[in-house]
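Below you'll find the structure, written out as structure tokens, and then a few comments.
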Amino acid sequence: MKGFLRDNALTLFFLMAMALSLVGQAFAGLAEFNEQQVAQGAQPVGMSDYLTGSEFAVDVTENWQSEYLQFFLYIFMTVWLVQRGSPESKAPGKQGPESEKDQGIGEHAGP
């Protein structure tokens, strides 16, 4: 199990982050939607009605368009987490920032 978690850490992290953000968005979106419903004199809706309605789909789609946050998280987390077979991940045990010598830059650059 430890090997599975280590080999798939990047995928598992982003799946968990996505699930948590969708759950948080569902609760916050439902509260805001029901507040608007009551302000307009309509009845509040339940979670299942909200999740299957267009308001939730529109909100999720708009949030996925915030690409800068996604890319920041992706780049930052690929430095620290390992994904076996992923071209973005370093070999196990080599996570974290590399020295200029390891990267071959600066005075350590080749011809």
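Scheme for the structure tokens: letters A, B, ... for chains in order shown; per-chain residue numbers from 1; ligand numbers from 1 in order shown.
Excluding Leu51 (chain A) and any residue on its chain fewer than 3 positions from it, the residues at most 10 Å away by only C-alpha atoms are Ala26, Phe27, Gly29, Leu30, Gly46, Met47, Ser48, Ser54, Glu55, Phe56 and Ala57 of chain A.
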Distance query Glu35 (chain A) at most 8 Å, only C-alpha atoms, self and fewer than 4 positions along chain excluded, as a ChimeraX atom specification: /A:31,39,44
Could you jot down the CA of Ala19 (chain A) to CA of Trp64 (chain A) separation for me, Å, one decimal place? 13.1 Å
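Coordinates place CA of Leu69 (chain A) at a distance of 15.1 Å from CA of Phe13 (chain A).
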